[in-house]
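A short write-up of the structure that comes next.
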Amino acid sequence: MQTLDQIVAESPVFAGLEPAQLELIAGCAHNVAFDSGARLFREGEAADTFYLVRRGRIALSAHVPGRGDVTVETIEPGEVLGWSWLFPPYTWHFDARAVEDAGVVAFDGACLRGKCDADHALGYELLSRFAQVAIDRLQQTRTLLLDVYGNGHDN
Amino acid sequence: MIDLDGLHALVGVLRDRGFCVVGPMRREGAIVYEEIESADELPAGWTEVQEAATYRLERRTDEARFGYPVGPHSWKRYLLPARVRLWQARRRDGGAPEIVEEALPERPFALLGVRPCDLHAIAVQDRIFLEGAYVDRDYAGRREGAFLVAVNCGTPGGTCFCASMGTGPRAESGYDLALTELLEGGHRFLAEAGSERGVEVLADLIGTEVTQADVDAALRVTHDAVEHMGRVLESFDLRDLLARNVNHPRFADAAERCLTCGNCTLVCPTCFCTSVDDVNVLEDGGAERWRRWDSCYSVDYSNIHGGAIRPSSRARYRQWLTHKFGTWVDQFGTSGCVGCGRCITWCPVGIDVTEELTAIRAADGEVDHANA
Amino acid sequence: MATATTTDTPSRGAIIPEPYRVVARAPETADTWTLLLEPLGMSIIPEPGQFNMLYAFGVGEVPISTSAGPEPGGELVHTIRAVGPVTQALCAARPGDVIGVRGPFGTTWPLEEARGGDLVIVAGGIGLAPVRPAVYHALAHRDDYASVTLLVGARTPADLLFVRELEDWRGRFDIDVGVTVDSAVGDWHGRVGVVPRLIPGAAFDPASTTALVVGPEIMMTFTARALLERGIASDKIYVSMERNMRCGVGHCGHCQLGPVLICRDGPVFRYDEMQQLMEVREL
């Protein structure tokens with residue numbers, strides 16, 4: 001079983017950080033388990049946490065009146081969940097719940113934010129990595145907008 | 001050598017042998033191909049003046065029977081008709097519908113006055129309909145029985161460039177008979193047979209022996225024609241030129257002029273695109289399949305579920321030009337163009353393929369970044 | 001001179017539709033049905049990747065790939081999405097109705113060439129239908145391949161084709177199945193996201209992999225990009241292209257895509273031959 005230090009050090013999103021930085025980040029982390037169906041956060045709540053999914057699957061969804069909860073993305077083991085903690089207004093934009101029993105590493109985003117304010121070198125490193133996560137999700141979302149399987153389109 | 005009486009006799013012999021003779025005649029201000037019953041119907045003493053977006057008939061100072069290049073019709077009018085029923089299907093109770101293929105025309109065609117460019121065009125279409133994995137029954141039926149009387153060109157037109165495409169002005173092969181009209185020393189025709197059937201028909205005509213002077217005179221006719229081509233086109237590497245210039249700015253340039261009217265595809269002797277219409281026959285619960293000409297210029301030509309692949313006129317002009325001179329070679333092993341010039345003459349805005357291709361070559365490698 | 005042969009006998013099966021009777025009709029999604037057809041006359045036997053022209057009496061014809069087979073009794077299986085008058089008429093055909101079939105036409109999936117290596121099949125939307133015969137073939141000749149991976153994408157869970165088969169295959173030990181949808185409502189516990197996202201985590205050896213990709217053209221482009229990023233060579237990726245098709249026999253000109261005729265030279269093409277053509281707008 002891996003320690004949090006090992007998990008953080010081997011995680012692609014933290015690749016290239018210095019040992020001191022990795023140690024600091026691991027110090028803000030703890031393991032959490034969610035039962036299938038459990039909610040991690042709701043849209044609009046304060047985003048003070050981000051997660052690394054280790055096991056299971058997390059669904060990001062929005063509640064659409066008349067349609068119910070529409071899942072727009074799932075986060076798989078090895079992937080990062082959450083970048084809203086690093087960008088104003090620091091609130092969640094979607095709901096998140098575990099669709100299977102899930103194990104995640106939760107990071108204290110509020111604390112890390114404070115550390116970034118104090119140490120701009122760390123801030124730059126985390127900002128660039130999480131910006132990349134947001135970019136990857138944006139590109140996927142744009143692809144989904146193309147609605148490639150759709151029924152014929154107005155040009 | 002045969003004279004005008006011989007020409008009359010030729011038409012008679014062909015009709016007697018059961019052919020429907022189709023030849024040039026003057027109608028509605030153009031020289032068109034229709035069924036003729038005698039050589040009297042040929043456009044004696046008429047010529048065509050052709051330029052980009054221009055066509056008119058003018059009187060000649062002589063009585064040449066074939067003194068013009070080509071009019072708006074091509075022989076696909078008879079070999080690949082604009083509209084033809086392919087089959088009829090009748091439902092039978094509880095079982096498979098009975099499908100009856102359309103009968104072929106009763107009389108085979110004798111095509112009188114096939115220009116060398118048009119001979120090549122027929123060969124180009126033969127490649128598509130007879131020499132691929134599948135044979136088109138209707139085309140094959142019309143083609144196999146057809147008797148081709150080629151007429152070498154003495155009066156090339158203002159838009160002609162067969163010499164540049166290697167398709168004329170002299171017919172080399174692919175005909176049953178080839179005639180060269182000579183006007184000096186009497187109105188006569190040098191007649192050459194190009195097949196067994198041609199030999200047989202020639203044997204039925206009264207003529208005189210061919211002299212060396214006759215041969216020289218005939219060669220002079222086509223030699224002079226080469227010198228008087230209306231257009232010239234560098235054609236040796238068009239396939240590669242177009243393949244590497246798929247986003248050339250000239251296509252957008254042409255699109256500003258092109259009406260996508262499709263005239264070029266109608267008059268082009270090699271354009272072969274067709275579509276099928278499946279229709280119900282209400283009276284007896286049957287169905288029919290009809291084949292009709294189609295054109296890559298129509299927007300719905302490229303429709304797939306979701307819309308047209310080529311909505312812009314730029315893309316459709318590019319499709320036609322690059323197919324005709326470029327990808328036709330990849331698809332069928334020959335160029336699609338025979339240099340007849342019809343597309344230039346009949347384009348209402350006078351787009352000239354030789355000019356377009358020359359412009360692409362002059363700016364080889366330029367990219368239309370706005371549209372690429 | 002041309003060596004033409006006037007055909008007194010009809011060009012059966014290729015030019016004239018052969019009659020086939022609808023034996024069964026199964027709904028797959030709200031707008032897609034699978035028809036099982038039996039021959040009343042000549043049998044037409046398409047290989048995986050090939051298509052037939054299906055004729056709805058008096059309405060018209062469309063090209064539809066085979067979605068199973070070859071079947072021993074000459075039956076045909078076609079999965080059809082109802083998007084226009086002809087496909088709507090075909091999807092409305094009931095057991096006992098007779099439709100017309102011409103074929104088989106086109107090129108096949110490179111199942112022989114892929115032997116000895118890993119096989120990766122990526123299907124989006126209705127694209128799972130034309131590639132299902134390849135899955136059947138791989139499972140029936142399982143020893144011919146090292147690993148077999150099937151990755152499937154659809155708009156929503158309700159748009160997934162062959163769901164029961166997908167579930168069966170997921171339960172097997174000799175094929176890896178990944179499924180994702182663009183969005184999901186309610187009780188979906190599977191992945192939500194684009195198909196290419198399934199590729200980085202899939203277990204195959206790029207050096208020995210042949211990939212078959214089918215779906216809307218954009219989906220194939222994005223998927224091919226992801227496969228190339230994993231290290232599969234572009235001449236080991238195969239796509240299935242689509243253009244307006246009228247005759248299926250290379251005579252009508254409609255299905256041209258640059259230098260190729262899709263009915264004759266495709267629909268299955270190697271990606272390295274298609275890549276540049278697919279990058280040209282409105283080609």
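In the structure tokens, chains take the letters A, B, ... in the order shown, each chain's residues start at 1, and ligands count up from 1 in the order shown.
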For this session: Identify every residue of chain C that has at least one atom within 8 Å of any atom of chain A, counting only C-alpha atoms, and report the result as JSON, numbers by chain.
Result: {"C": [83, 124, 125, 154, 155, 182, 183, 184, 185, 186, 189, 190, 191, 192, 193, 194, 216, 218, 219]}
Can you write out the residues you just picked, keeping C-alpha atoms, as a PDB file, in the first residue's frame?
ATOM      1  CA  VAL C  83     -32.626   9.470 -40.971  1.00  0.00           C
ATOM      2  CA  GLY C 124     -18.513   5.813 -32.399  1.00  0.00           C
ATOM      3  CA  GLY C 125     -22.276   5.983 -32.687  1.00  0.00           C
ATOM      4  CA  ALA C 154     -22.187   7.067 -28.148  1.00  0.00           C
ATOM      5  CA  ARG C 155     -24.144  10.228 -27.546  1.00  0.00           C
ATOM      6  CA  ASP C 182     -21.041  12.148 -24.346  1.00  0.00           C
ATOM      7  CA  SER C 183     -23.501  12.771 -21.543  1.00  0.00           C
ATOM      8  CA  ALA C 184     -25.784  10.695 -19.369  1.00  0.00           C
ATOM      9  CA  VAL C 185     -28.962  11.231 -17.436  1.00  0.00           C
ATOM     10  CA  GLY C 186     -29.962   9.314 -14.356  1.00  0.00           C
ATOM     11  CA  HIS C 189     -22.534   4.352 -13.836  1.00  0.00           C
ATOM     12  CA  GLY C 190     -20.228   4.208 -16.817  1.00  0.00           C
ATOM     13  CA  ARG C 191     -17.780   6.710 -18.230  1.00  0.00           C
ATOM     14  CA  VAL C 192     -18.813  10.085 -19.560  1.00  0.00           C
ATOM     15  CA  GLY C 193     -16.367  11.719 -21.937  1.00  0.00           C
ATOM     16  CA  VAL C 194     -15.045  11.559 -25.487  1.00  0.00           C
ATOM     17  CA  PRO C 216     -18.415  10.314 -37.792  1.00  0.00           C
ATOM     18  CA  ILE C 218     -14.444  14.155 -36.839  1.00  0.00           C
ATOM     19  CA  MET C 219     -14.561  11.355 -34.316  1.00  0.00           C
TER      20      MET C 219
END
For this session: Residues of chain C near chain B: apply a cut-off of 9 Å, count only C-alpha atoms, and supply the list as number ranges by chain.
Result: C: 1-8, 10-11, 14-21, 40-41, 57-61, 83-84, 96-100, 242-247, 249-256, 258-261, 264, 280-283
Saved selection, atoms kept: C-alpha atoms, as a PDB file, in the first residue's frame:
ATOM      1  CA  MET C   1     -11.959  -0.639 -79.411  1.00  0.00           C
ATOM      2  CA  ALA C   2     -13.949  -1.439 -76.339  1.00  0.00           C
ATOM      3  CA  THR C   3     -14.550  -5.059 -75.505  1.00  0.00           C
ATOM      4  CA  ALA C   4     -18.149  -4.603 -74.546  1.00  0.00           C
ATOM      5  CA  THR C   5     -20.443  -7.474 -73.855  1.00  0.00           C
ATOM      6  CA  THR C   6     -24.132  -6.863 -74.121  1.00  0.00           C
ATOM      7  CA  THR C   7     -25.637  -8.625 -71.191  1.00  0.00           C
ATOM      8  CA  ASP C   8     -28.852 -10.349 -72.097  1.00  0.00           C
ATOM      9  CA  PRO C  10     -29.650  -9.117 -66.023  1.00  0.00           C
ATOM     10  CA  SER C  11     -26.642  -8.104 -63.916  1.00  0.00           C
ATOM     11  CA  ALA C  14     -24.868  -5.991 -58.644  1.00  0.00           C
ATOM     12  CA  ILE C  15     -27.027  -3.835 -60.920  1.00  0.00           C
ATOM     13  CA  ILE C  16     -30.491  -5.306 -60.416  1.00  0.00           C
ATOM     14  CA  PRO C  17     -31.700  -5.656 -56.829  1.00  0.00           C
ATOM     15  CA  GLU C  18     -32.062  -9.206 -55.551  1.00  0.00           C
ATOM     16  CA  PRO C  19     -35.176  -9.861 -53.485  1.00  0.00           C
ATOM     17  CA  TYR C  20     -34.709 -10.482 -49.785  1.00  0.00           C
ATOM     18  CA  ARG C  21     -37.474 -11.095 -47.294  1.00  0.00           C
ATOM     19  CA  LEU C  40     -35.514 -15.254 -52.108  1.00  0.00           C
ATOM     20  CA  GLY C  41     -33.205 -15.508 -55.070  1.00  0.00           C
ATOM     21  CA  PHE C  57     -39.527  -0.677 -53.141  1.00  0.00           C
ATOM     22  CA  GLY C  58     -40.453   2.523 -54.928  1.00  0.00           C
ATOM     23  CA  VAL C  59     -38.662   4.747 -52.417  1.00  0.00           C
ATOM     24  CA  GLY C  60     -34.964   4.447 -53.086  1.00  0.00           C
ATOM     25  CA  GLU C  61     -31.661   2.859 -52.203  1.00  0.00           C
ATOM     26  CA  VAL C  83     -32.626   9.470 -40.971  1.00  0.00           C
ATOM     27  CA  GLY C  84     -34.329   9.953 -44.337  1.00  0.00           C
ATOM     28  CA  GLY C  96     -42.594 -10.859 -44.547  1.00  0.00           C
ATOM     29  CA  ASP C  97     -41.888  -7.639 -46.436  1.00  0.00           C
ATOM     30  CA  VAL C  98     -39.571  -7.864 -49.416  1.00  0.00           C
ATOM     31  CA  ILE C  99     -36.751  -5.415 -50.026  1.00  0.00           C
ATOM     32  CA  GLY C 100     -34.089  -5.333 -52.710  1.00  0.00           C
ATOM     33  CA  GLU C 242     -18.525   7.830 -46.256  1.00  0.00           C
ATOM     34  CA  ARG C 243     -19.728   9.962 -49.154  1.00  0.00           C
ATOM     35  CA  ASN C 244     -22.977  10.266 -51.107  1.00  0.00           C
ATOM     36  CA  MET C 245     -23.426   6.988 -52.905  1.00  0.00           C
ATOM     37  CA  ARG C 246     -25.866   6.333 -55.731  1.00  0.00           C
ATOM     38  CA  CYS C 247     -24.795   3.317 -57.729  1.00  0.00           C
ATOM     39  CA  VAL C 249     -20.484   0.170 -58.829  1.00  0.00           C
ATOM     40  CA  GLY C 250     -18.234   3.071 -59.799  1.00  0.00           C
ATOM     41  CA  HIS C 251     -20.456   4.488 -62.524  1.00  0.00           C
ATOM     42  CA  CYS C 252     -22.220   7.506 -61.070  1.00  0.00           C
ATOM     43  CA  GLY C 253     -19.347   9.622 -59.790  1.00  0.00           C
ATOM     44  CA  HIS C 254     -20.957  10.677 -56.514  1.00  0.00           C
ATOM     45  CA  CYS C 255     -18.788   8.901 -53.969  1.00  0.00           C
ATOM     46  CA  GLN C 256     -15.504  10.488 -55.029  1.00  0.00           C
ATOM     47  CA  GLY C 258     -10.256  13.188 -54.191  1.00  0.00           C
ATOM     48  CA  PRO C 259      -8.549  10.394 -56.132  1.00  0.00           C
ATOM     49  CA  VAL C 260     -10.626   7.501 -54.830  1.00  0.00           C
ATOM     50  CA  LEU C 261     -14.143   6.163 -55.299  1.00  0.00           C
ATOM     51  CA  ARG C 264     -14.760   0.774 -55.234  1.00  0.00           C
ATOM     52  CA  VAL C 280      -8.881  19.302 -46.825  1.00  0.00           C
ATOM     53  CA  ARG C 281     -12.101  21.202 -46.211  1.00  0.00           C
ATOM     54  CA  GLU C 282     -15.053  20.420 -48.445  1.00  0.00           C
ATOM     55  CA  LEU C 283     -13.134  17.882 -50.502  1.00  0.00           C
TER      56      LEU C 283
END
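Every residue of region 61-135 of chain C with a DSSP assignment of helix (DSSP H, G or I), taken from the backbone, is listed as Pro85, Val86, Thr87, Gln88, Ala89, Leu90, Cys91, Gly125, Ile126, Gly127, Leu128, Ala129, Pro130, Val131, Arg132, Pro133, Ala134 and Val135 of chain C.
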Considering only C-alpha atoms, return as a short mmCIF file (atom, residue, chain, number, x, y, z; two decimals) with C-alpha atoms, in the first residue's frame whatever protein or nucleic-acid residues lie within 7 Å of Glu43 (chain A), sequence-local ones (same chain, fewer than 3 positions apart) excluded.
data_model
loop_
_atom_site.label_atom_id
_atom_site.label_comp_id
_atom_site.auth_asym_id
_atom_site.auth_seq_id
_atom_site.Cartn_x
_atom_site.Cartn_y
_atom_site.Cartn_z
CA TRP A 92 -17.67 24.43 -7.51
CA HIS A 93 -19.34 24.63 -10.91
CA PHE A 94 -20.89 21.20 -10.93
CA ASP A 95 -22.12 18.50 -8.58
#
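Inside region 188-301 of chain B, the residues DSSP reads as strand (DSSP E or B) when given the backbone are Arg188, Phe189, Leu190, Ala191, Glu192, Ala193, Thr274, Ser275, Val276, Asp277, Asp278, Val279, Asn280, Val281, Gly286, Ala287, Glu288, Arg289, Trp290, Arg291, Arg292 and Trp293 of chain B.
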Please write the residues from the selection above to a file, keeping C-alpha atoms, as a tab-separated table (two decimals), in the first residue's frame.
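selection-v1.tsv, freshly written:
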chain	number	residue	atom	x	y	z
B	188	ARG	CA	-14.31	14.97	-101.98
B	189	PHE	CA	-13.68	12.91	-98.86
B	190	LEU	CA	-10.72	10.70	-98.06
B	191	ALA	CA	-12.33	7.69	-96.40
B	192	GLU	CA	-10.31	5.32	-94.25
B	193	ALA	CA	-11.65	2.16	-92.69
B	274	THR	CA	-25.72	10.27	-63.05
B	275	SER	CA	-28.26	9.83	-60.34
B	276	VAL	CA	-31.14	7.44	-60.00
B	277	ASP	CA	-34.76	8.17	-59.29
B	278	ASP	CA	-36.86	5.42	-57.80
B	279	VAL	CA	-40.50	6.09	-58.45
B	280	ASN	CA	-43.76	4.42	-57.69
B	281	VAL	CA	-46.16	3.71	-60.49
B	286	GLY	CA	-45.18	-1.12	-59.46
B	287	ALA	CA	-41.95	0.81	-59.29
B	288	GLU	CA	-39.43	2.04	-61.77
B	289	ARG	CA	-35.83	3.08	-61.62
B	290	TRP	CA	-34.73	5.88	-63.88
B	291	ARG	CA	-31.21	7.13	-64.46
B	292	ARG	CA	-30.61	10.79	-65.23
B	293	TRP	CA	-27.66	13.08	-65.66
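The residue that comes closest to Arg54 (chain A), out of A:Glu125, A:Asp101, A:Glu23, A:Asp119 and on the basis of only C-alpha atoms, is A:Asp101.
Using only C-alpha atoms, the contacts of Ala211 (chain C) at a cut-off of 9 Å, with sequence neighbours closer than 3 positions omitted, comprise Ala114, Asp118, Leu119, Val120, Ile121, Val122, Ala224, Leu227, Ile232, Lys236, Ile237, Tyr238 and Val239 of chain C.
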Take the selection from the previous step and output its residues with N, CA and C atoms, as an mmCIF file, in the first residue's frame.
data_model
loop_
_atom_site.group_PDB
_atom_site.id
_atom_site.type_symbol
_atom_site.label_atom_id
_atom_site.label_comp_id
_atom_site.auth_asym_id
_atom_site.auth_seq_id
_atom_site.Cartn_x
_atom_site.Cartn_y
_atom_site.Cartn_z
ATOM 1 N N ALA C 114 -4.059 -8.203 -39.780
ATOM 2 C CA ALA C 114 -3.900 -7.904 -38.357
ATOM 3 C C ALA C 114 -3.509 -9.128 -37.537
ATOM 4 N N ASP C 118 -1.903 -7.221 -31.851
ATOM 5 C CA ASP C 118 -3.049 -6.747 -31.090
ATOM 6 C C ASP C 118 -4.056 -6.106 -32.042
ATOM 7 N N LEU C 119 -5.326 -6.252 -31.709
ATOM 8 C CA LEU C 119 -6.387 -5.650 -32.508
ATOM 9 C C LEU C 119 -7.147 -4.657 -31.630
ATOM 10 N N VAL C 120 -7.206 -3.425 -32.080
ATOM 11 C CA VAL C 120 -7.947 -2.405 -31.342
ATOM 12 C C VAL C 120 -9.057 -1.903 -32.242
ATOM 13 N N ILE C 121 -10.279 -1.925 -31.762
ATOM 14 C CA ILE C 121 -11.426 -1.488 -32.551
ATOM 15 C C ILE C 121 -12.088 -0.333 -31.816
ATOM 16 N N VAL C 122 -12.215 0.813 -32.491
ATOM 17 C CA VAL C 122 -12.817 1.989 -31.865
ATOM 18 C C VAL C 122 -14.029 2.398 -32.694
ATOM 19 N N ALA C 224 -7.922 8.880 -34.347
ATOM 20 C CA ALA C 224 -6.655 8.536 -35.001
ATOM 21 C C ALA C 224 -5.509 9.307 -34.367
ATOM 22 N N LEU C 227 -4.560 7.620 -31.231
ATOM 23 C CA LEU C 227 -3.870 6.355 -31.500
ATOM 24 C C LEU C 227 -2.445 6.619 -31.950
ATOM 25 N N ILE C 232 0.927 4.053 -32.456
ATOM 26 C CA ILE C 232 0.547 3.158 -33.549
ATOM 27 C C ILE C 232 0.876 3.850 -34.865
ATOM 28 N N LYS C 236 -1.143 1.397 -39.912
ATOM 29 C CA LYS C 236 -1.766 0.290 -39.204
ATOM 30 C C LYS C 236 -3.120 0.720 -38.629
ATOM 31 N N ILE C 237 -3.534 1.944 -38.975
ATOM 32 C CA ILE C 237 -4.844 2.426 -38.555
ATOM 33 C C ILE C 237 -5.739 2.429 -39.784
ATOM 34 N N TYR C 238 -6.955 1.909 -39.649
ATOM 35 C CA TYR C 238 -7.886 1.834 -40.774
ATOM 36 C C TYR C 238 -9.165 2.583 -40.405
ATOM 37 N N VAL C 239 -9.681 3.330 -41.375
ATOM 38 C CA VAL C 239 -10.915 4.082 -41.150
ATOM 39 C C VAL C 239 -11.946 3.671 -42.200
#
